[in-house]
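Structure file work-v7.cif (mmCIF, C-alpha atoms) is printed below.
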```cif
data_entry
#
loop_
_atom_site.label_atom_id
_atom_site.label_comp_id
_atom_site.auth_asym_id
_atom_site.auth_seq_id
_atom_site.Cartn_x
_atom_site.Cartn_y
_atom_site.Cartn_z
CA MET A 1 8.52 89.36 33.53
CA ARG A 2 9.57 87.58 36.75
CA PRO A 3 6.02 87.29 38.22
CA ARG A 4 4.71 85.72 35.00
CA SER A 5 7.60 83.17 34.89
CA GLY A 6 7.06 82.19 38.55
CA LEU A 7 3.36 81.60 37.92
CA ARG A 8 4.12 79.25 34.99
CA THR A 9 6.52 77.20 37.17
CA CYS A 10 3.96 76.81 39.96
CA CYS A 11 1.29 75.59 37.51
CA THR A 12 3.65 72.98 36.06
CA LEU A 13 4.50 71.62 39.52
CA ALA A 14 0.84 71.45 40.50
CA PHE A 15 -0.10 69.51 37.35
CA ALA A 16 2.74 67.00 37.91
CA LEU A 17 1.64 66.44 41.51
CA ALA A 18 -1.95 65.83 40.37
CA LEU A 19 -0.88 63.20 37.85
CA THR A 20 1.21 61.43 40.48
CA ALA A 21 -1.71 61.34 42.90
CA CYS A 22 -4.07 59.95 40.28
CA GLY A 23 -1.59 57.21 39.32
CA SER A 24 -1.05 56.12 42.90
CA LYS A 25 -4.79 56.08 43.54
CA GLY A 26 -5.89 54.09 40.45
CA GLY A 27 -2.95 51.76 39.64
CA ALA A 28 -1.11 50.61 42.74
CA PRO A 29 -3.93 48.84 44.55
CA GLN A 30 -4.84 46.86 41.43
CA GLY A 31 -1.31 45.56 41.03
CA GLY A 32 -1.12 44.54 44.69
CA GLN A 33 -4.40 42.67 44.60
CA GLY A 34 -3.41 40.71 41.45
CA GLY A 35 -0.12 39.55 42.95
CA ASP A 36 -1.59 38.36 46.28
CA ARG A 37 -4.66 36.51 44.96
CA PRO A 38 -4.28 32.63 45.05
CA ILE A 39 -4.67 30.83 41.73
CA PRO A 40 -7.49 28.25 41.74
CA VAL A 41 -6.25 24.77 40.75
CA THR A 42 -7.18 21.14 41.22
CA THR A 43 -4.85 19.15 43.47
CA GLU A 44 -4.49 15.51 44.45
CA PRO A 45 -2.24 13.61 46.86
CA VAL A 46 0.10 11.05 45.37
CA ARG A 47 -0.68 7.47 46.45
CA LEU A 48 0.10 3.89 45.57
CA ARG A 49 -2.34 2.13 43.23
CA PRO A 50 -2.53 -1.30 41.60
CA TRP A 51 -0.74 -1.30 38.25
CA ASN A 52 0.00 -3.75 35.44
CA ASP A 53 2.92 -3.39 33.09
CA THR A 54 1.92 -4.08 29.50
CA VAL A 55 3.34 -5.31 26.21
CA GLN A 56 1.47 -3.97 23.18
CA ALA A 57 1.53 -5.37 19.67
CA LEU A 58 -0.54 -5.81 16.52
CA GLY A 59 -1.94 -9.33 16.13
CA ASN A 60 -3.52 -11.33 13.33
CA VAL A 61 -6.67 -13.40 13.88
CA LYS A 62 -6.60 -17.03 12.80
CA ALA A 63 -9.37 -19.63 12.95
CA ARG A 64 -8.89 -22.54 15.30
CA GLU A 65 -9.38 -24.84 12.30
CA SER A 66 -9.38 -23.55 8.73
CA ILE A 67 -9.38 -25.20 5.30
CA THR A 68 -10.36 -24.58 1.70
CA VAL A 69 -12.77 -27.35 0.68
CA THR A 70 -11.66 -29.03 -2.56
CA ALA A 71 -12.46 -32.17 -4.58
CA LYS A 72 -10.24 -35.25 -4.79
CA VAL A 73 -11.35 -36.30 -8.29
CA SER A 74 -12.27 -34.71 -11.60
CA GLU A 75 -16.04 -34.83 -11.99
CA ILE A 76 -19.19 -32.85 -12.75
CA VAL A 77 -21.02 -31.25 -9.80
CA GLN A 78 -24.38 -32.96 -9.44
CA GLY A 79 -25.72 -31.15 -6.35
CA VAL A 80 -24.75 -28.35 -3.96
CA HIS A 81 -26.13 -28.73 -0.43
CA PHE A 82 -25.10 -25.48 1.25
CA ASP A 83 -25.37 -21.71 0.92
CA SER A 84 -22.65 -19.15 1.46
CA GLY A 85 -22.16 -18.35 5.14
CA ASP A 86 -23.90 -21.48 6.47
CA GLN A 87 -22.94 -22.94 9.82
CA VAL A 88 -22.42 -26.69 9.27
CA ALA A 89 -21.71 -29.65 11.51
CA ALA A 90 -18.89 -32.12 11.09
CA GLY A 91 -19.74 -34.71 8.43
CA ALA A 92 -22.40 -32.60 6.71
CA SER A 93 -22.68 -33.20 2.95
CA LEU A 94 -21.58 -30.15 0.97
CA ILE A 95 -21.19 -31.28 -2.67
CA THR A 96 -22.32 -34.37 -4.56
CA LEU A 97 -20.43 -35.22 -7.74
CA SER A 98 -21.80 -37.30 -10.60
CA GLY A 99 -20.88 -41.00 -10.14
CA LYS A 100 -23.06 -43.13 -12.44
CA ALA A 101 -20.11 -45.03 -13.87
CA GLN A 102 -18.82 -45.76 -10.39
CA GLN A 103 -22.24 -46.96 -9.25
CA ALA A 104 -22.36 -49.42 -12.18
CA ALA A 105 -18.84 -50.62 -11.46
CA LEU A 106 -19.79 -51.12 -7.81
CA ALA A 107 -22.79 -53.26 -8.80
CA GLN A 108 -20.56 -55.39 -11.01
CA ALA A 109 -17.94 -55.78 -8.27
CA GLU A 110 -20.57 -56.80 -5.72
CA ALA A 111 -21.95 -59.45 -8.11
CA THR A 112 -18.46 -60.84 -8.68
CA ALA A 113 -17.77 -60.87 -4.96
CA LYS A 114 -21.04 -62.69 -4.28
CA GLU A 115 -20.26 -65.37 -6.87
CA ALA A 116 -16.71 -65.84 -5.54
CA ASP A 117 -18.02 -66.21 -1.99
CA ALA A 118 -20.58 -68.85 -3.02
CA LEU A 119 -17.91 -70.83 -4.90
CA TYR A 120 -15.61 -70.69 -1.91
CA LYS A 121 -18.33 -72.11 0.34
CA ARG A 122 -18.97 -75.03 -2.05
CA GLN A 123 -15.27 -75.81 -2.31
CA SER A 124 -14.98 -75.65 1.47
CA GLU A 125 -17.56 -78.47 1.71
CA LEU A 126 -15.69 -80.52 -0.91
CA ALA A 127 -12.38 -79.94 0.81
CA ALA A 128 -13.91 -81.13 4.08
CA GLN A 129 -14.83 -84.40 2.30
CA GLN A 130 -11.31 -84.50 0.76
CA LEU A 131 -12.81 -84.40 -2.73
CA ILE A 132 -10.59 -81.47 -3.90
CA ALA A 133 -7.06 -80.45 -3.16
CA ARG A 134 -6.42 -78.04 -0.30
CA SER A 135 -4.49 -75.75 -2.67
CA ALA A 136 -7.61 -75.26 -4.83
CA LEU A 137 -9.50 -74.05 -1.75
CA ASP A 138 -6.70 -71.63 -0.89
CA THR A 139 -6.81 -70.21 -4.44
CA GLN A 140 -10.55 -69.67 -4.24
CA ARG A 141 -10.18 -67.96 -0.85
CA ALA A 142 -7.73 -65.51 -2.38
CA THR A 143 -10.11 -64.86 -5.26
CA ARG A 144 -12.96 -64.19 -2.86
CA ASP A 145 -10.86 -61.77 -0.78
CA ALA A 146 -9.78 -59.89 -3.93
CA THR A 147 -13.37 -59.42 -5.06
CA ARG A 148 -14.31 -58.12 -1.61
CA ALA A 149 -11.42 -55.64 -1.72
CA ARG A 150 -12.59 -54.49 -5.13
CA VAL A 151 -16.05 -53.77 -3.68
CA GLU A 152 -14.51 -51.67 -0.88
CA GLN A 153 -12.39 -49.81 -3.40
CA MET A 154 -15.45 -48.93 -5.47
CA LYS A 155 -17.32 -47.77 -2.37
CA ALA A 156 -14.42 -45.48 -1.44
CA ASP A 157 -14.36 -44.16 -5.01
CA ILE A 158 -18.06 -43.36 -4.77
CA GLY A 159 -17.48 -41.80 -1.32
CA ASP A 160 -15.04 -39.36 -2.91
CA ARG A 161 -17.99 -38.13 -5.00
CA VAL A 162 -19.65 -36.80 -1.83
CA ILE A 163 -17.63 -33.96 -0.25
CA ARG A 164 -18.32 -33.55 3.47
CA ALA A 165 -17.31 -31.04 6.13
CA PRO A 166 -14.38 -32.45 8.13
CA PHE A 167 -15.27 -30.33 11.19
CA SER A 168 -17.95 -27.93 12.37
CA GLY A 169 -17.60 -24.36 11.23
CA VAL A 170 -18.75 -21.48 9.06
CA LEU A 171 -18.61 -21.76 5.28
CA GLY A 172 -17.40 -18.92 3.11
CA ILE A 173 -18.66 -17.85 -0.30
CA ARG A 174 -19.66 -20.74 -2.59
CA GLN A 175 -17.35 -21.03 -5.61
CA VAL A 176 -19.12 -23.77 -7.67
CA SER A 177 -22.56 -24.44 -9.12
CA PRO A 178 -24.38 -27.60 -10.27
CA GLY A 179 -23.05 -28.74 -13.63
CA SER A 180 -19.60 -27.20 -13.25
CA LEU A 181 -16.51 -29.35 -13.63
CA VAL A 182 -14.22 -29.63 -10.62
CA THR A 183 -10.74 -31.10 -10.53
CA PRO A 184 -8.42 -31.92 -7.61
CA GLY A 185 -7.54 -28.61 -5.98
CA THR A 186 -10.54 -26.65 -7.29
CA PRO A 187 -11.72 -24.38 -4.40
CA ILE A 188 -15.34 -25.03 -3.48
CA ALA A 189 -15.62 -22.88 -0.33
CA THR A 190 -13.67 -21.99 2.80
CA LEU A 191 -14.53 -23.59 6.13
CA ASP A 192 -13.47 -21.97 9.41
CA ASP A 193 -14.06 -23.00 12.99
CA THR A 194 -14.37 -19.59 14.69
CA GLY A 195 -16.06 -20.56 17.96
CA ARG A 196 -12.61 -19.87 19.40
CA VAL A 197 -9.88 -18.06 17.50
CA TYR A 198 -6.14 -17.62 17.76
CA VAL A 199 -4.43 -14.23 17.71
CA ASP A 200 -0.74 -14.38 16.77
CA PHE A 201 1.40 -11.35 17.60
CA PRO A 202 5.14 -10.61 17.74
CA VAL A 203 6.97 -9.79 20.96
CA PRO A 204 10.55 -8.41 20.93
CA GLU A 205 13.07 -10.90 22.26
CA THR A 206 14.09 -8.35 24.91
CA LEU A 207 10.65 -8.80 26.51
CA LEU A 208 10.60 -12.60 26.26
CA ALA A 209 11.18 -13.03 30.01
CA ARG A 210 7.95 -11.10 30.69
CA VAL A 211 5.75 -13.48 28.65
CA ALA A 212 4.31 -16.72 30.03
CA LYS A 213 1.46 -19.10 29.28
CA GLY A 214 -1.82 -18.20 30.92
CA GLN A 215 -1.24 -14.43 30.98
CA THR A 216 -4.27 -12.28 30.20
CA VAL A 217 -4.38 -10.58 26.79
CA ASP A 218 -6.76 -7.70 26.03
CA GLY A 219 -7.65 -6.96 22.41
CA THR A 220 -9.40 -4.18 20.52
CA SER A 221 -10.47 -4.00 16.89
CA ALA A 222 -11.11 -1.01 14.66
CA ALA A 223 -14.20 -2.85 13.40
CA TYR A 224 -15.77 -2.76 16.89
CA PRO A 225 -14.78 0.49 18.64
CA GLY A 226 -15.21 0.38 22.38
CA GLN A 227 -15.83 -3.39 22.47
CA PRO A 228 -12.95 -5.17 24.23
CA PHE A 229 -11.97 -8.80 23.72
CA GLN A 230 -10.10 -10.89 26.25
CA GLY A 231 -8.05 -14.06 25.90
CA GLU A 232 -4.95 -15.67 27.33
CA VAL A 233 -1.54 -16.76 26.11
CA SER A 234 -1.69 -20.38 24.95
CA THR A 235 1.57 -20.89 23.02
CA ILE A 236 4.98 -19.24 22.74
CA ASP A 237 6.90 -20.09 19.59
CA ALA A 238 10.05 -22.17 19.97
CA ARG A 239 12.16 -19.90 17.75
CA VAL A 240 13.05 -16.23 17.53
CA ASP A 241 12.87 -14.76 14.05
CA PRO A 242 16.50 -13.83 13.18
CA ALA A 243 15.31 -11.09 10.80
CA THR A 244 13.01 -9.22 13.19
CA ARG A 245 14.47 -10.41 16.52
CA ALA A 246 10.94 -11.11 17.69
CA ILE A 247 9.11 -14.23 18.82
CA THR A 248 5.54 -15.11 17.90
CA VAL A 249 3.09 -15.47 20.77
CA ARG A 250 -0.32 -17.08 20.28
CA ALA A 251 -3.33 -16.10 22.40
CA ASP A 252 -6.58 -18.05 22.59
CA PHE A 253 -9.75 -15.89 22.39
CA PRO A 254 -13.32 -17.10 22.95
CA ASN A 255 -15.50 -15.99 20.03
CA PRO A 256 -19.04 -17.24 20.66
CA ASP A 257 -20.69 -14.51 18.56
CA HIS A 258 -18.17 -14.93 15.70
CA ARG A 259 -17.28 -11.22 15.65
CA LEU A 260 -13.58 -11.96 15.24
CA ARG A 261 -12.88 -13.32 11.77
CA PRO A 262 -9.73 -14.81 10.28
CA GLY A 263 -7.43 -12.18 8.84
CA MET A 264 -8.56 -9.31 11.10
CA LEU A 265 -5.98 -7.09 12.78
CA ILE A 266 -6.24 -6.83 16.57
CA GLN A 267 -4.41 -4.38 18.85
CA VAL A 268 -3.39 -6.60 21.75
CA THR A 269 -2.18 -5.64 25.21
CA LEU A 270 -0.40 -8.29 27.24
CA LEU A 271 -0.94 -7.63 30.95
CA GLN A 272 1.86 -8.38 33.42
CA PRO A 273 1.32 -9.47 37.05
CA GLU A 274 -0.18 -6.71 39.19
CA ARG A 275 2.05 -4.55 41.37
CA GLN A 276 1.84 -1.31 43.39
CA ALA A 277 3.06 1.90 41.77
CA LEU A 278 2.95 5.67 42.23
CA LEU A 279 0.36 6.84 39.72
CA VAL A 280 -0.75 10.35 38.81
CA PRO A 281 -3.13 11.65 36.15
CA GLU A 282 -1.23 12.11 32.92
CA ILE A 283 -2.38 15.74 32.56
CA ALA A 284 -0.44 16.63 35.72
CA VAL A 285 2.91 15.90 34.03
CA VAL A 286 4.38 18.88 32.16
CA GLN A 287 6.66 17.89 29.30
CA VAL A 288 9.29 20.38 28.09
CA GLY A 289 11.63 18.77 25.60
CA THR A 290 13.05 15.70 27.31
CA ASP A 291 12.30 17.04 30.81
CA SER A 292 9.20 16.05 32.76
CA TYR A 293 8.03 17.75 35.93
CA VAL A 294 4.98 18.39 38.09
CA PHE A 295 3.98 21.28 40.34
CA ARG A 296 4.15 20.19 43.99
CA VAL A 297 2.20 22.16 46.59
CA LYS A 298 4.23 23.23 49.63
CA PRO A 299 2.76 23.62 53.15
CA ASP A 300 2.41 27.39 52.63
CA ASN A 301 0.23 26.72 49.51
CA THR A 302 2.92 27.87 47.09
CA VAL A 303 4.08 25.60 44.30
CA GLU A 304 7.51 24.28 43.43
CA ARG A 305 8.78 22.35 40.45
CA ALA A 306 9.44 18.66 41.05
CA ASP A 307 11.38 16.95 38.26
CA VAL A 308 10.10 13.40 37.76
CA GLU A 309 10.95 10.30 35.78
CA VAL A 310 7.92 8.81 34.06
CA GLY A 311 7.57 5.07 33.47
CA THR A 312 4.67 3.59 31.54
CA ARG A 313 1.51 5.47 30.58
CA ARG A 314 -1.92 3.96 30.07
CA GLU A 315 -5.59 4.99 30.22
CA GLY A 316 -4.84 8.57 31.28
CA LEU A 317 -2.43 7.59 34.08
CA ALA A 318 1.34 7.91 34.29
CA GLU A 319 3.66 5.94 36.53
CA ILE A 320 6.15 8.08 38.46
CA VAL A 321 9.40 6.17 38.86
CA LYS A 322 11.41 8.94 40.51
CA GLY A 323 10.82 12.43 41.93
CA LEU A 324 7.73 12.01 44.13
CA LYS A 325 6.76 10.12 47.26
CA VAL A 326 3.52 8.97 48.78
CA GLY A 327 1.59 11.87 50.31
CA ASP A 328 2.99 14.64 48.09
CA VAL A 329 0.23 16.98 46.90
CA ILE A 330 0.51 17.91 43.24
CA VAL A 331 -1.44 20.15 40.87
CA ILE A 332 -3.61 18.14 38.48
CA ASP A 333 -5.49 20.79 36.51
CA GLY A 334 -4.33 24.37 35.99
CA THR A 335 -0.63 23.81 35.45
CA GLY A 336 -0.63 26.03 32.37
CA LYS A 337 -1.15 29.23 34.41
CA LEU A 338 1.38 28.45 37.18
CA ARG A 339 4.89 29.65 37.82
CA VAL A 340 7.24 28.50 40.57
CA GLY A 341 6.36 30.37 43.77
CA ASN A 342 2.75 31.10 42.86
CA LYS A 343 0.23 30.72 45.65
CA VAL A 344 -2.59 28.31 44.84
CA GLN A 345 -5.96 27.35 46.23
CA ALA A 346 -7.66 24.05 45.52
CA ALA A 347 -10.72 24.62 43.34
CA GLY A 348 -13.97 24.38 45.28
CA ALA A 349 -12.47 25.28 48.68
CA ASN A 350 -14.86 27.62 50.53
CA PRO A 351 -16.35 29.17 47.39
CA PRO A 352 -19.27 30.85 49.27
CA ALA A 353 -16.89 32.67 51.64
CA GLN A 354 -14.78 33.92 48.76
CA LYS A 355 -17.87 35.21 47.00
CA ARG A 356 -19.10 37.06 50.07
CA GLN A 357 -15.70 38.70 50.56
CA GLY A 358 -15.62 39.88 46.97
CA GLU A 359 -19.10 41.35 46.78
CA PRO A 360 -18.61 44.22 49.36
CA ALA A 361 -15.33 45.21 47.76
CA ALA A 362 -16.97 45.49 44.37
CA ALA A 363 -19.88 47.44 45.81
CA LYS A 364 -17.48 49.80 47.59
CA GLY A 365 -15.60 50.35 44.35
CA ARG A 366 -18.84 51.25 42.56
CA ALA A 367 -19.75 53.71 45.32
CA ASN A 368 -16.36 55.43 45.12
CA GLY A 369 -16.68 55.51 41.34
#
```

Written as C-alpha cells, how would this file's structure read?
Amino acid sequence: MRPRSGLRTCCTLAFALALTACGSKGGAPQGGQGGDRPIPVTTEPVRLRPWNDTVQALGNVKARESITVTAKVSEIVQGVHFDSGDQVAAGASLITLSGKAQQAALAQAEATAKEADALYKRQSELAAQQLIARSALDTQRATRDATRARVEQMKADIGDRVIRAPFSGVLGIRQVSPGSLVTPGTPIATLDDTGRVYVDFPVPETLLARVAKGQTVDGTSAAYPGQPFQGEVSTIDARVDPATRAITVRADFPNPDHRLRPGMLIQVTLLQPERQALLVPEIAVVQVGTDSYVFRVKPDNTVERADVEVGTRREGLAEIVKGLKVGDVIVIDGTGKLRVGNKVQAAGANPPAQKRQGEPAAAKGRANG
C-alpha cells in the first residue's frame, strides 16, 4: 500500500511543476512586452498664434431702401410697365392710371390761363397810358396767377396717375393688372434696393464695450452653405432694450449679386482686434464633467495630466487661458487610449526601424512554435 501511495504523490508533483513551467514560458513574456511598448500618438508643441475674440448673434437682413409701391388716388389701372422681379432705375414708370377727366380739365385750365394772360397784357398797356385804374390791373394780375396755379395743380393731379420708382431697386411680385381699381394704400409691388444690405443683430449690454464702428462682421446663411459674407459695423443703436438688455447693432454688407434678401436670417460673428493667444487643437482637450485637461509629454516620453482652463473655441481650436505655457508638448490625437504614466511615441517617428525590429522577433516566435 505504501509504494502505491508514494507513486501517486510523485505524479501529482510532477504534473504541477509542468503546468507552472508552461505558464511561465507562454504568459510572462507577453505581459512584459505589452507593458513596455510605447503607445503611438500625435503630439504638438504649444505656441502663440494670432487670435480674434468673437461675438456671435443671429441677424436679420434689411434692404438699404425698401418700400411697398402704392397709389395716391382712386383710379382704374390703364397700363402696367413692369414684370415681377424686374430691376428698375429711379424714376422709371411702373403704373399708369386712367386720367381722361384730368386731361380734359387740364386743357380747360390752360385755355383759361391763356385768356387771363392775354387780358393782363392788354390792361398793362392801358395802365401805362393811364387809361385804366391801377387797381384794375392788380386784379387782373391776381386772376392770371390763379389760372396759372390751377394749371400746375391739374398737371400734378395727372402726374399722380403715373406711378414711378422713387429709387433704383428690385421689384417684387406684381399685385395689380390692367383694369383693376386701386385706391390709396393698395399694394402694387415691393421695391428693394439690395445692392448693399443692412444686417441688424442684438448684442448683450455686457459686451457693449467690445463693439465699435468699423469692426469686421462675418456672416453665414443656411441658404448658401459654405459661402461666407463679410461686412462692417456701421451703426450702434442709441438705446438698450430694457426687456432683453441687449442693444441693436447694424452692419453694412455689400451685396452685388443680390444673394442676401430682406428678411433672411444670418449667423453673424463680430471679430475683435487681433491678439496673441495659446491655441491648441480642440480634440486635444479632454472634458470630464466640468474639468478640462490635456496630456502633457514629459522629457522621458511619459505623459502627465495637465488641468487647463479653456477660453473661447472656434474653427477647431481652443484657447488655453491657464495650465500650459509656450513650448509644452501635448498629445493631440490618441488621448482616448492614454493613462497617466504611459510611455508614448509620436506617430511616424522611425517607422522603418520599428518594423525591422519587429520582423525578426515574429519570425523567431514562428520558428519556436

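Using only C-alpha atoms, the protein and nucleic acid residues lying no more than 12 Å from A:Gly99, apart from those fewer than 2 places from it along its own chain, are Val73, Ser74, Glu75, Ile76, Val77, Gln78, Gly79, Thr96, Leu97, Ala101, Gln102, Gln103, Ala104, Ala105, Leu106, Met154, Lys155, Ala156, Asp157, Ile158, Gly159, Asp160, Arg161 and Val162 of chain A.
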
inquiry  = I want to know what sits within 12 Å of A:Pro299, based on all atoms listed in the file, with residues of the same chain fewer than 3 positions away left out; could you give that as a PyMOL selection string?
reply    = chain A and resi 296+302-304+328-330+343-345

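Coordinates place atom CA of A:Ser168 at a distance of 12.8 Å from atom CA of A:Val69.
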
request  = Name the residues captured by the PyMOL selection byres ((chain A and resi 192) around 6) when it is applied to the shown file; answer as a count of residues only.
outcome  = 8

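Atom CA of A:Trp51 sits 23.3 Å away from atom CA of A:Pro202.
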
Show me the residues close to (8.1, 17.8, 40.9) - anything with an atom within 10 Å, counting only C-alpha atoms - and format the list as a PDB file with C-alpha atoms, in the coordinates of the input.
```pdb
ATOM      1  CA  VAL A 285       2.910  15.900  34.030  1.00  0.00           C
ATOM      2  CA  VAL A 286       4.380  18.880  32.160  1.00  0.00           C
ATOM      3  CA  SER A 292       9.200  16.050  32.760  1.00  0.00           C
ATOM      4  CA  TYR A 293       8.030  17.750  35.930  1.00  0.00           C
ATOM      5  CA  VAL A 294       4.980  18.390  38.090  1.00  0.00           C
ATOM      6  CA  PHE A 295       3.980  21.280  40.340  1.00  0.00           C
ATOM      7  CA  ARG A 296       4.150  20.190  43.990  1.00  0.00           C
ATOM      8  CA  VAL A 297       2.200  22.160  46.590  1.00  0.00           C
ATOM      9  CA  VAL A 303       4.080  25.600  44.300  1.00  0.00           C
ATOM     10  CA  GLU A 304       7.510  24.280  43.430  1.00  0.00           C
ATOM     11  CA  ARG A 305       8.780  22.350  40.450  1.00  0.00           C
ATOM     12  CA  ALA A 306       9.440  18.660  41.050  1.00  0.00           C
ATOM     13  CA  ASP A 307      11.380  16.950  38.260  1.00  0.00           C
ATOM     14  CA  VAL A 308      10.100  13.400  37.760  1.00  0.00           C
ATOM     15  CA  GLU A 309      10.950  10.300  35.780  1.00  0.00           C
ATOM     16  CA  LYS A 322      11.410   8.940  40.510  1.00  0.00           C
ATOM     17  CA  GLY A 323      10.820  12.430  41.930  1.00  0.00           C
ATOM     18  CA  LEU A 324       7.730  12.010  44.130  1.00  0.00           C
ATOM     19  CA  ASP A 328       2.990  14.640  48.090  1.00  0.00           C
ATOM     20  CA  VAL A 329       0.230  16.980  46.900  1.00  0.00           C
ATOM     21  CA  ILE A 330       0.510  17.910  43.240  1.00  0.00           C
ATOM     22  CA  VAL A 331      -1.440  20.150  40.870  1.00  0.00           C
TER      23      VAL A 331
END
```

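Once the PyMOL selection byres ((chain A and resi 166) around 6) is applied to the shown structure, the selection contains Ala90, Gly91, Ala165 and Phe167 of chain A.
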
C-alpha atoms of stretch 180-201 of chain A, written as a tab-separated table (two decimals), in the first residue's frame:
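Dumped everything to out.tsv:
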```
chain	number	residue	atom	x	y	z
A	180	SER	CA	-58.20	96.78	-61.75
A	181	LEU	CA	-59.26	99.54	-59.37
A	182	VAL	CA	-56.62	100.86	-56.99
A	183	THR	CA	-57.17	103.14	-54.02
A	184	PRO	CA	-54.70	104.97	-51.76
A	185	GLY	CA	-52.76	102.28	-49.90
A	186	THR	CA	-53.41	99.46	-52.37
A	187	PRO	CA	-50.11	97.48	-52.67
A	188	ILE	CA	-48.84	97.35	-56.24
A	189	ALA	CA	-45.41	95.74	-55.66
A	190	THR	CA	-42.47	95.88	-53.29
A	191	LEU	CA	-39.30	97.74	-54.25
A	192	ASP	CA	-35.99	96.99	-52.52
A	193	ASP	CA	-32.54	98.42	-53.04
A	194	THR	CA	-30.37	95.35	-52.30
A	195	GLY	CA	-27.08	96.40	-53.89
A	196	ARG	CA	-26.00	96.83	-50.27
A	197	VAL	CA	-27.97	95.46	-47.33
A	198	TYR	CA	-28.12	96.00	-43.60
A	199	VAL	CA	-27.93	93.19	-41.07
A	200	ASP	CA	-29.34	94.08	-37.64
A	201	PHE	CA	-28.38	91.85	-34.72
```
